[in-house]
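A.B. asks: Got target.cif for you, mmCIF, C-alpha atoms, pLDDT in the B column; chains and numbers go by the auth columns:
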data_final
loop_
_atom_site.group_PDB
_atom_site.id
_atom_site.type_symbol
_atom_site.label_atom_id
_atom_site.label_comp_id
_atom_site.label_asym_id
_atom_site.label_seq_id
_atom_site.Cartn_x
_atom_site.Cartn_y
_atom_site.Cartn_z
_atom_site.B_iso_or_equiv
_atom_site.auth_seq_id
_atom_site.auth_asym_id
ATOM 1 C CA MET A 1 0.000 0.000 0.000 95.00 36 A
ATOM 2 C CA ARG A 2 2.847 2.366 0.828 95.00 37 A
ATOM 3 C CA ALA A 3 4.452 1.773 -2.576 96.00 38 A
ATOM 4 C CA VAL A 4 1.200 2.545 -4.408 96.00 39 A
ATOM 5 C CA TYR A 5 0.733 5.710 -2.349 96.00 40 A
ATOM 6 C CA ASP A 6 4.326 6.830 -2.885 96.00 41 A
ATOM 7 C CA VAL A 7 4.176 6.311 -6.662 97.00 42 A
ATOM 8 C CA ALA A 8 0.903 8.258 -6.916 96.00 43 A
ATOM 9 C CA GLU A 9 2.323 11.078 -4.817 96.00 44 A
ATOM 10 C CA ALA A 10 5.563 11.237 -6.824 96.00 45 A
ATOM 11 C CA THR A 11 3.679 11.790 -10.100 96.00 46 A
ATOM 12 C CA GLY A 12 2.543 15.248 -9.000 95.00 47 A
ATOM 13 C CA LEU A 13 -0.906 14.548 -10.489 95.00 48 A
ATOM 14 C CA PHE A 14 -2.735 14.827 -7.165 93.00 49 A
ATOM 15 C CA ALA A 15 -3.275 17.531 -4.567 86.00 50 A
ATOM 16 C CA ALA A 16 -1.734 16.975 -1.146 75.00 51 A
ATOM 17 C CA GLY A 17 -4.005 14.799 0.946 84.00 52 A
ATOM 18 C CA ASP A 18 -6.126 13.587 -2.005 89.00 53 A
ATOM 19 C CA ILE A 19 -4.503 10.175 -2.367 94.00 54 A
ATOM 20 C CA LYS A 20 -6.262 7.300 -0.640 94.00 55 A
ATOM 21 C CA VAL A 21 -5.140 3.679 -0.840 96.00 56 A
ATOM 22 C CA ARG A 22 -7.312 0.800 0.317 94.00 57 A
ATOM 23 C CA LEU A 23 -6.651 -2.910 0.364 94.00 58 A
ATOM 24 C CA ARG A 24 -9.451 -5.377 -0.253 93.00 59 A
ATOM 25 C CA PRO A 25 -8.256 -8.989 -0.232 93.00 60 A
ATOM 26 C CA TYR A 26 -10.451 -11.634 -1.835 91.00 61 A
ATOM 27 C CA LYS A 27 -11.009 -14.891 -0.009 91.00 62 A
ATOM 28 C CA TYR A 28 -12.328 -16.664 -3.091 93.00 63 A
ATOM 29 C CA PHE A 29 -10.939 -16.293 -6.598 92.00 64 A
ATOM 30 C CA LYS A 30 -10.005 -18.426 -9.607 93.00 65 A
ATOM 31 C CA LEU A 31 -7.023 -17.757 -11.854 94.00 66 A
ATOM 32 C CA GLY A 32 -5.812 -19.289 -15.088 92.00 67 A
ATOM 33 C CA LYS A 33 -3.571 -22.349 -15.152 93.00 68 A
ATOM 34 C CA GLY A 34 -0.170 -21.746 -13.601 91.00 69 A
ATOM 35 C CA LYS A 35 -1.216 -18.508 -11.871 92.00 70 A
ATOM 36 C CA LYS A 36 -1.237 -18.544 -8.083 91.00 71 A
ATOM 37 C CA ASP A 37 -1.858 -14.967 -6.999 94.00 72 A
ATOM 38 C CA PHE A 38 -2.565 -11.484 -8.257 95.00 73 A
ATOM 39 C CA ILE A 39 -2.742 -7.818 -7.412 96.00 74 A
ATOM 40 C CA HIS A 40 -5.064 -5.612 -9.397 96.00 75 A
ATOM 41 C CA ILE A 41 -5.274 -1.889 -8.745 97.00 76 A
ATOM 42 C CA PHE A 42 -8.530 -0.101 -9.431 96.00 77 A
ATOM 43 C CA GLY A 43 -7.504 3.528 -9.747 96.00 78 A
ATOM 44 C CA TYR A 44 -10.319 6.053 -9.490 95.00 79 A
ATOM 45 C CA ILE A 45 -9.241 9.613 -10.175 95.00 80 A
ATOM 46 C CA MET A 46 -10.948 12.937 -10.825 92.00 81 A
ATOM 47 C CA GLU A 47 -11.323 13.723 -14.514 94.00 82 A
ATOM 48 C CA GLY A 48 -8.872 16.140 -16.076 93.00 83 A
ATOM 49 C CA ARG A 49 -5.660 14.197 -16.646 95.00 84 A
ATOM 50 C CA SER A 50 -4.456 13.355 -20.127 96.00 85 A
ATOM 51 C CA THR A 51 -4.334 9.837 -21.492 97.00 86 A
ATOM 52 C CA GLU A 52 -0.538 10.076 -21.389 97.00 87 A
ATOM 53 C CA GLN A 53 -0.579 11.041 -17.692 97.00 88 A
ATOM 54 C CA LYS A 54 -2.903 8.150 -16.825 97.00 89 A
ATOM 55 C CA ALA A 55 -0.822 5.708 -18.880 97.00 90 A
ATOM 56 C CA SER A 56 2.356 6.897 -17.148 97.00 91 A
ATOM 57 C CA LEU A 57 0.723 6.473 -13.737 97.00 92 A
ATOM 58 C CA SER A 58 -0.295 2.920 -14.660 97.00 93 A
ATOM 59 C CA ARG A 59 3.173 1.994 -15.909 98.00 94 A
ATOM 60 C CA LYS A 60 4.915 3.466 -12.865 98.00 95 A
ATOM 61 C CA MET A 61 2.603 1.614 -10.475 97.00 96 A
ATOM 62 C CA ILE A 62 3.203 -1.745 -12.132 98.00 97 A
ATOM 63 C CA GLU A 63 6.953 -1.149 -12.454 98.00 98 A
ATOM 64 C CA ARG A 64 7.218 -0.364 -8.727 98.00 99 A
ATOM 65 C CA LEU A 65 5.097 -3.330 -7.648 97.00 100 A
ATOM 66 C CA ASN A 66 7.097 -5.619 -9.914 98.00 101 A
ATOM 67 C CA GLU A 67 10.306 -4.412 -8.215 98.00 102 A
ATOM 68 C CA ILE A 68 9.080 -5.234 -4.711 97.00 103 A
ATOM 69 C CA LEU A 69 6.821 -8.213 -5.535 97.00 104 A
ATOM 70 C CA PRO A 70 8.498 -10.018 -8.469 97.00 105 A
ATOM 71 C CA ASP A 71 6.946 -13.396 -7.620 96.00 106 A
ATOM 72 C CA ILE A 72 3.307 -12.271 -7.903 96.00 107 A
ATOM 73 C CA SER A 73 1.818 -14.030 -10.940 93.00 108 A
ATOM 74 C CA ILE A 74 -0.376 -11.146 -12.118 96.00 109 A
ATOM 75 C CA LEU A 75 0.137 -7.418 -11.566 97.00 110 A
ATOM 76 C CA SER A 76 -2.373 -5.162 -13.293 97.00 111 A
ATOM 77 C CA ILE A 77 -4.090 -1.791 -13.058 97.00 112 A
ATOM 78 C CA ASN A 78 -6.844 0.196 -14.686 96.00 113 A
ATOM 79 C CA ILE A 79 -7.534 3.881 -14.247 97.00 114 A
ATOM 80 C CA CYS A 80 -11.126 5.144 -14.249 95.00 115 A
ATOM 81 C CA GLU A 81 -12.158 8.765 -14.087 95.00 116 A
ATOM 82 C CA PHE A 82 -15.091 10.169 -12.194 90.00 117 A
ATOM 83 C CA GLU A 83 -16.865 13.385 -13.128 93.00 118 A
ATOM 84 C CA LYS A 84 -16.198 16.562 -11.230 87.00 119 A
ATOM 85 C CA ALA A 85 -19.835 17.562 -11.801 88.00 120 A
ATOM 86 C CA THR A 86 -21.160 14.514 -9.940 89.00 121 A
ATOM 87 C CA TYR A 87 -18.544 14.397 -7.176 86.00 122 A
ATOM 88 C CA SER A 88 -19.293 15.619 -3.682 84.00 123 A
ATOM 89 C CA ASN A 89 -17.543 15.562 -0.334 84.00 124 A
ATOM 90 C CA LYS A 90 -17.852 17.102 3.118 82.00 125 A
ATOM 91 C CA ALA A 91 -15.993 20.265 2.102 80.00 126 A
ATOM 92 C CA LEU A 92 -18.299 20.911 -0.856 80.00 127 A
ATOM 93 C CA ILE A 93 -21.449 20.906 1.289 83.00 128 A
ATOM 94 C CA HIS A 94 -20.068 23.222 3.979 84.00 129 A
ATOM 95 C CA PRO A 95 -22.175 26.420 4.145 82.00 130 A
ATOM 96 C CA LEU A 96 -19.073 28.655 4.268 81.00 131 A
ATOM 97 C CA ASN A 97 -17.619 27.124 1.097 78.00 132 A
ATOM 98 C CA ILE A 98 -18.968 29.681 -1.355 77.00 133 A
ATOM 99 C CA THR A 99 -16.301 28.920 -3.993 80.00 134 A
ATOM 100 C CA ASN A 100 -17.159 25.193 -4.294 74.00 135 A
ATOM 101 C CA ASP A 101 -13.572 24.253 -3.424 72.00 136 A
ATOM 102 C CA ARG A 102 -13.381 20.509 -2.769 74.00 137 A
ATOM 103 C CA HIS A 103 -10.291 21.192 -0.622 71.00 138 A
ATOM 104 C CA PHE A 104 -12.062 23.814 1.519 71.00 139 A
ATOM 105 C CA ASN A 105 -10.641 23.807 5.050 77.00 140 A
ATOM 106 C CA PHE A 106 -13.688 24.000 7.299 68.00 141 A
ATOM 107 C CA GLU A 107 -11.859 22.959 10.454 68.00 142 A
ATOM 108 C CA ASN A 108 -10.173 26.331 11.076 56.00 143 A
#
Mind turning this structure into structure tokens?

C.D. replies:
Amino acid sequence: MRAVYDVAEATGLFAAGDIKVRLRPYKYFKLGKGKKDFIHIFGYIMEGRSTEQKASLSRKMIERLNEILPDISILSINICEFEKATYSNKALIHPLNITNDRHFNFEN
């Protein structure tokens, strides 16, 4: 998880504090013959990055995981974008956030 976080942070594509990494192991799964394990990253990011930026992020993630986990049978990733127009968070609904800043600091 730390490696995934660090690679995402190093790209400079994300605002400070926006990166979140979660691990969801699967108890039951079936892989093709000769494959014993896998890691697949589902990357959900706010729209606005170029195809080249998303492709670079994908490559860097898999390269880093392959360095530290060379014996994993399958390492893969896909990047999906979500729409800014349909995104909401706690900062966006705060009554003092008149600029619709999703990074609005309402705790001060």

A.B. asks: One decimal, Å: what's the distance from atom CA of A:Lys68 over to atom CA of A:Arg99, could you say?

C.D. replies: 25.3 Å

A.B. asks: Given only C-alpha atoms as the basis, pick out the residue of A:Tyr79, A:Ala50, A:Ala45, A:Lys89 nearest to A:Phe117.

C.D. replies: A:Tyr79

A.B. asks: Taking the file as I've supplied it (selection: the PyMOL selection byres ((chain A and resi 120-129) around 12)), which residues are included? Please answer as an NGL selection string.

C.D. replies: :A and (53 or 79-83 or 116-119 or 130-142)

A.B. asks: Take the residues from that selection and put them in a file with C-alpha atoms, as a PDB file, keeping the file's coordinate frame.

C.D. replies:
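That gives us out.pdb:
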ATOM      1  CA  ASP A  53      -6.126  13.587  -2.005  1.00 89.00           C
ATOM      2  CA  TYR A  79     -10.319   6.053  -9.490  1.00 95.00           C
ATOM      3  CA  ILE A  80      -9.241   9.613 -10.175  1.00 95.00           C
ATOM      4  CA  MET A  81     -10.948  12.937 -10.825  1.00 92.00           C
ATOM      5  CA  GLU A  82     -11.323  13.723 -14.514  1.00 94.00           C
ATOM      6  CA  GLY A  83      -8.872  16.140 -16.076  1.00 93.00           C
ATOM      7  CA  GLU A 116     -12.158   8.765 -14.087  1.00 95.00           C
ATOM      8  CA  PHE A 117     -15.091  10.169 -12.194  1.00 90.00           C
ATOM      9  CA  GLU A 118     -16.865  13.385 -13.128  1.00 93.00           C
ATOM     10  CA  LYS A 119     -16.198  16.562 -11.230  1.00 87.00           C
ATOM     11  CA  PRO A 130     -22.175  26.420   4.145  1.00 82.00           C
ATOM     12  CA  LEU A 131     -19.073  28.655   4.268  1.00 81.00           C
ATOM     13  CA  ASN A 132     -17.619  27.124   1.097  1.00 78.00           C
ATOM     14  CA  ILE A 133     -18.968  29.681  -1.355  1.00 77.00           C
ATOM     15  CA  THR A 134     -16.301  28.920  -3.993  1.00 80.00           C
ATOM     16  CA  ASN A 135     -17.159  25.193  -4.294  1.00 74.00           C
ATOM     17  CA  ASP A 136     -13.572  24.253  -3.424  1.00 72.00           C
ATOM     18  CA  ARG A 137     -13.381  20.509  -2.769  1.00 74.00           C
ATOM     19  CA  HIS A 138     -10.291  21.192  -0.622  1.00 71.00           C
ATOM     20  CA  PHE A 139     -12.062  23.814   1.519  1.00 71.00           C
ATOM     21  CA  ASN A 140     -10.641  23.807   5.050  1.00 77.00           C
ATOM     22  CA  PHE A 141     -13.688  24.000   7.299  1.00 68.00           C
ATOM     23  CA  GLU A 142     -11.859  22.959  10.454  1.00 68.00           C
TER      24      GLU A 142
END

A.B. asks: Given 8 Å on each side, where is the centre and what are the edge lengths in Å to one decimal of the axis-aligned box enclosing the listed atoms of stretch 45-64 of chain A, as lines of an AutoDock Vina configuration file?

C.D. replies:
center_x = -3.4
center_y = 0.4
center_z = -4.8
size_x = 33.9
size_y = 50.2
size_z = 27.4

A.B. asks: Check which residues satisfy the PyMOL selection byres ((chain A and resi 92) around 10) in the file shown, then give them as a ChimeraX atom specification.

C.D. replies: /A:42-43,45-46,48,78,86-91,93-98,112-114

A.B. asks: Using C-alpha atoms, can you export the residues from the last selection as a compact mmCIF listing (two decimals), keeping the file's coordinate frame?

C.D. replies:
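That gives us selection_23.txt:
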# COMPACT_ATOMS: atom_id res chain seq x y z
CA VAL A 42 4.18 6.31 -6.66
CA ALA A 43 0.90 8.26 -6.92
CA ALA A 45 5.56 11.24 -6.82
CA THR A 46 3.68 11.79 -10.10
CA LEU A 48 -0.91 14.55 -10.49
CA GLY A 78 -7.50 3.53 -9.75
CA THR A 86 -4.33 9.84 -21.49
CA GLU A 87 -0.54 10.08 -21.39
CA GLN A 88 -0.58 11.04 -17.69
CA LYS A 89 -2.90 8.15 -16.82
CA ALA A 90 -0.82 5.71 -18.88
CA SER A 91 2.36 6.90 -17.15
CA SER A 93 -0.30 2.92 -14.66
CA ARG A 94 3.17 1.99 -15.91
CA LYS A 95 4.92 3.47 -12.86
CA MET A 96 2.60 1.61 -10.48
CA ILE A 97 3.20 -1.74 -12.13
CA GLU A 98 6.95 -1.15 -12.45
CA ILE A 112 -4.09 -1.79 -13.06
CA ASN A 113 -6.84 0.20 -14.69
CA ILE A 114 -7.53 3.88 -14.25

A.B. asks: Expanded to explicit residues, what is the PyMOL selection byres ((chain A and resi 107) around 12) for this file, as a list in words?

C.D. replies: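 Applying the expression gives Gly69, Lys70, Lys71, Asp72, Phe73, Ile74, His75, Ile97, Leu100, Asn101, Glu102, Ile103, Leu104, Pro105, Asp106, Ser108, Ile109, Leu110 and Ser111 of chain A.
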
A.B. asks: What does the structure give for the distance between atom CA of A:Lys62 and atom CA of A:Ile76, in Å to one decimal?

C.D. replies: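 Atom CA of A:Ile76 lies at a distance of 16.7 Å from atom CA of A:Lys62.
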
A.B. asks: Hey, can you check how far atom CA of A:Ser85 sits from atom CA of A:Ala38?

C.D. replies: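 So the answer is 22.8 Å.
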
A.B. asks: Model the absent atoms of stretch 129-142 of chain A so that N, CA and C atoms are present, and write the result as an mmCIF file, keeping the file's coordinate frame.

C.D. replies:
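As a result, out.cif now contains:
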data_model
loop_
_atom_site.group_PDB
_atom_site.id
_atom_site.type_symbol
_atom_site.label_atom_id
_atom_site.label_comp_id
_atom_site.auth_asym_id
_atom_site.auth_seq_id
_atom_site.Cartn_x
_atom_site.Cartn_y
_atom_site.Cartn_z
ATOM 1 N N HIS A 129 -20.196 22.300 2.846
ATOM 2 C CA HIS A 129 -20.068 23.222 3.979
ATOM 3 C C HIS A 129 -20.669 24.583 3.604
ATOM 4 N N PRO A 130 -21.505 25.157 4.474
ATOM 5 C CA PRO A 130 -22.175 26.420 4.145
ATOM 6 C C PRO A 130 -21.224 27.605 3.920
ATOM 7 N N LEU A 131 -20.029 27.565 4.470
ATOM 8 C CA LEU A 131 -19.073 28.655 4.268
ATOM 9 C C LEU A 131 -18.247 28.506 2.990
ATOM 10 N N ASN A 132 -18.380 27.380 2.323
ATOM 11 C CA ASN A 132 -17.619 27.124 1.097
ATOM 12 C C ASN A 132 -18.370 27.717 -0.101
ATOM 13 N N ILE A 133 -18.234 28.998 -0.283
ATOM 14 C CA ILE A 133 -18.968 29.681 -1.355
ATOM 15 C C ILE A 133 -18.272 29.577 -2.713
ATOM 16 N N THR A 134 -17.041 29.063 -2.737
ATOM 17 C CA THR A 134 -16.301 28.920 -3.993
ATOM 18 C C THR A 134 -16.359 27.503 -4.559
ATOM 19 N N ASN A 135 -17.066 26.607 -3.875
ATOM 20 C CA ASN A 135 -17.159 25.193 -4.294
ATOM 21 C C ASN A 135 -15.778 24.539 -4.433
ATOM 22 N N ASP A 136 -14.928 24.815 -3.462
ATOM 23 C CA ASP A 136 -13.572 24.253 -3.424
ATOM 24 C C ASP A 136 -13.631 22.919 -2.699
ATOM 25 N N ARG A 137 -13.314 21.829 -3.402
ATOM 26 C CA ARG A 137 -13.381 20.509 -2.769
ATOM 27 C C ARG A 137 -12.285 20.310 -1.726
ATOM 28 N N HIS A 138 -11.341 21.238 -1.632
ATOM 29 C CA HIS A 138 -10.291 21.192 -0.622
ATOM 30 C C HIS A 138 -10.527 22.239 0.484
ATOM 31 N N PHE A 139 -11.718 22.792 0.529
ATOM 32 C CA PHE A 139 -12.062 23.814 1.519
ATOM 33 C C PHE A 139 -11.743 23.340 2.929
ATOM 34 N N ASN A 140 -11.022 24.168 3.688
ATOM 35 C CA ASN A 140 -10.641 23.807 5.050
ATOM 36 C C ASN A 140 -11.676 24.381 6.018
ATOM 37 N N PHE A 141 -12.595 23.563 6.430
ATOM 38 C CA PHE A 141 -13.688 24.000 7.299
ATOM 39 C C PHE A 141 -13.377 23.790 8.772
ATOM 40 N N GLU A 142 -12.209 23.255 9.062
ATOM 41 C CA GLU A 142 -11.859 22.959 10.454
ATOM 42 C C GLU A 142 -11.190 24.140 11.158
#
